[in-house]
Amino acid sequence: MGYSSLLSLSLGFLLLFHCSFAQIEQVVNSQQRQQQQRFQTQCQIQNLNALEPKRRIESEAGVTEFWDQNEEQLQCANVAVFRHTIQSRGLLVPSYNNAPELVYVVQGKFNAYFF
């Protein structure tokens with residue numbers, strides 16, 4: 001009985017995390033569409049400024065922060081910036097993105113499994 005309840009609890013958490021990240025991805029995709037519509041062909045940035053995240057989503061295992069894609073210097077570079085901060089022994093559920101990504105790890109290690 002303990003094993004089946006642990007299994008159902010694990011599946012419930014997996015479903016919850018999957019739905020949460022699907023909602024985050026939907027918000028990011030809508031912002032990307034808005035940005036592409038307003039993208040300017042000429043960028044005239046004289047200097048770069050440090051930006052602060054505009055949106056912060058907290059979860060059990062960490063924090064996800066998003067920067068404003070409508071910021072001129074991000075529009076000019078045509079990038080979307082977000083940061084996952086994962087607590088020790090935390091887990092980030094993998095997700096699919098069909099655009100190139102730059103991933104780096106500040107501390108710890110990154111294990112990627114490709115099937």
# chains A, B, ... in the order shown; residues from 1 in each chain; ligands from 1
>>> residues_around(residues="stretch 87-90 of chain A", least_positions_apart="3", cutoff="10 Å", atoms="only C-alpha atoms", output="VMD selection string")
chain A and resid 60 to 63 84 93 108
>>> write_last_selection(atoms="N, CA, C and O atoms", output="CSV table (one decimal), in the first residue's frame")
chain,number,residue,atom,x,y,z
A,60,GLU,N,8.6,25.0,-5.3
A,60,GLU,CA,9.2,24.2,-4.2
A,60,GLU,C,10.7,24.1,-4.3
A,60,GLU,O,11.4,24.1,-3.3
A,61,ALA,N,11.2,23.9,-5.5
A,61,ALA,CA,12.6,23.6,-5.7
A,61,ALA,C,13.4,24.8,-6.1
A,61,ALA,O,14.6,24.6,-6.4
A,62,GLY,N,12.9,26.0,-6.3
A,62,GLY,CA,13.7,27.1,-6.7
A,62,GLY,C,12.8,28.2,-7.2
A,62,GLY,O,11.6,28.4,-6.9
A,63,VAL,N,13.5,29.0,-8.1
A,63,VAL,CA,12.8,30.3,-8.6
A,63,VAL,C,13.1,30.3,-10.1
A,63,VAL,O,14.2,30.0,-10.6
A,84,HIS,N,16.7,29.9,-14.3
A,84,HIS,CA,16.2,28.9,-13.3
A,84,HIS,C,17.2,28.9,-12.2
A,84,HIS,O,18.4,28.6,-12.5
A,93,VAL,N,12.0,20.0,-14.2
A,93,VAL,CA,11.5,19.1,-15.2
A,93,VAL,C,11.9,19.5,-16.6
A,93,VAL,O,11.7,20.7,-16.9
A,108,GLY,N,27.7,23.2,-9.5
A,108,GLY,CA,27.2,21.9,-9.6
A,108,GLY,C,27.5,21.4,-11.0
A,108,GLY,O,28.5,21.7,-11.6
>>> residues_around(residues="A:Arg55", least_positions_apart="2", cutoff="10 Å", atoms="only C-alpha atoms", output="list in words")
Glu52, Pro53, Ile57, Thr64, Glu65, Phe66, Trp67, Asp68 and Phe82 of chain A
>>> closest_residue(among="A:Val28, A:Leu6, A:Val106, A:Ile45", to="A:Gln75", atoms="only C-alpha atoms")
A:Ile45
>>> atom_distance(atom1="atom CA of A:Val81", atom2="atom CA of A:Gln69")
7.6 Å
>>> closest_residue(among="A:Ser30, A:Asn49, A:Val103, A:Ser59", to="A:Leu91", atoms="only C-alpha atoms")
A:Ser59
>>> atom_distance(atom1="atom CA of A:Asn47", atom2="atom CA of A:Pro100")
25.5 Å
>>> select_by_dssp(residues="stretch 22-113 of chain A", states="helix (DSSP H, G or I)", output="list in words")
Ala22, Gln23, Ile24, Glu25, Gln26, Val27, Val28, Asn29, Ser30, Gln31, Gln32, Arg33, Gln34, Gln35, Gln36, Gln37, Glu72, Gln73, Leu74, Gln75, Cys76 and Ala77 of chain A
>>> write_last_selection(atoms="N, CA and C atoms", output="compact mmCIF listing (two decimals), in the first residue's frame")
# COMPACT_ATOMS: atom_id res chain seq x y z
N ALA A 22 4.08 24.26 -18.59
CA ALA A 22 3.34 24.50 -19.83
C ALA A 22 2.74 25.89 -19.81
N GLN A 23 2.24 26.33 -18.64
CA GLN A 23 1.68 27.67 -18.53
C GLN A 23 2.77 28.72 -18.70
N ILE A 24 3.94 28.50 -18.10
CA ILE A 24 5.06 29.44 -18.25
C ILE A 24 5.47 29.52 -19.71
N GLU A 25 5.55 28.38 -20.38
CA GLU A 25 5.95 28.37 -21.78
C GLU A 25 4.93 29.11 -22.65
N GLN A 26 3.65 29.00 -22.33
CA GLN A 26 2.61 29.70 -23.08
C GLN A 26 2.78 31.21 -22.94
N VAL A 27 3.08 31.70 -21.75
CA VAL A 27 3.30 33.13 -21.52
C VAL A 27 4.51 33.60 -22.31
N VAL A 28 5.59 32.84 -22.25
CA VAL A 28 6.81 33.21 -22.97
C VAL A 28 6.57 33.23 -24.46
N ASN A 29 5.84 32.25 -24.99
CA ASN A 29 5.56 32.21 -26.44
C ASN A 29 4.73 33.40 -26.89
N SER A 30 3.74 33.81 -26.09
CA SER A 30 2.93 34.97 -26.48
C SER A 30 3.78 36.25 -26.46
N GLN A 31 4.69 36.35 -25.51
CA GLN A 31 5.57 37.51 -25.47
C GLN A 31 6.53 37.51 -26.66
N GLN A 32 6.99 36.34 -27.07
CA GLN A 32 7.87 36.25 -28.23
C GLN A 32 7.15 36.70 -29.50
N ARG A 33 5.88 36.32 -29.64
CA ARG A 33 5.13 36.75 -30.83
C ARG A 33 4.97 38.27 -30.86
N GLN A 34 4.70 38.87 -29.69
CA GLN A 34 4.58 40.32 -29.63
C GLN A 34 5.90 40.98 -29.99
N GLN A 35 6.98 40.42 -29.50
CA GLN A 35 8.29 41.00 -29.77
C GLN A 35 8.63 40.92 -31.26
N GLN A 36 8.31 39.80 -31.91
CA GLN A 36 8.62 39.65 -33.32
C GLN A 36 7.83 40.65 -34.16
N GLN A 37 6.64 41.00 -33.74
CA GLN A 37 5.84 41.96 -34.48
C GLN A 37 6.43 43.36 -34.40
N GLU A 72 14.70 47.41 -25.12
CA GLU A 72 15.34 47.70 -26.40
C GLU A 72 16.57 46.84 -26.67
N GLN A 73 17.43 46.68 -25.67
CA GLN A 73 18.66 45.94 -25.94
C GLN A 73 18.40 44.43 -26.12
N LEU A 74 17.34 43.90 -25.52
CA LEU A 74 16.99 42.50 -25.76
C LEU A 74 16.32 42.32 -27.11
N GLN A 75 15.51 43.30 -27.50
CA GLN A 75 14.89 43.25 -28.82
C GLN A 75 15.95 43.33 -29.91
N CYS A 76 16.93 44.17 -29.70
CA CYS A 76 17.99 44.34 -30.69
C CYS A 76 18.77 43.04 -30.87
N ALA A 77 19.03 42.34 -29.79
CA ALA A 77 19.75 41.07 -29.86
C ALA A 77 18.84 39.92 -30.26
>>> closest_residue(among="A:Thr85, A:Asn70, A:Asn78, A:Gln46", to="A:Tyr104", atoms="only C-alpha atoms")
A:Thr85
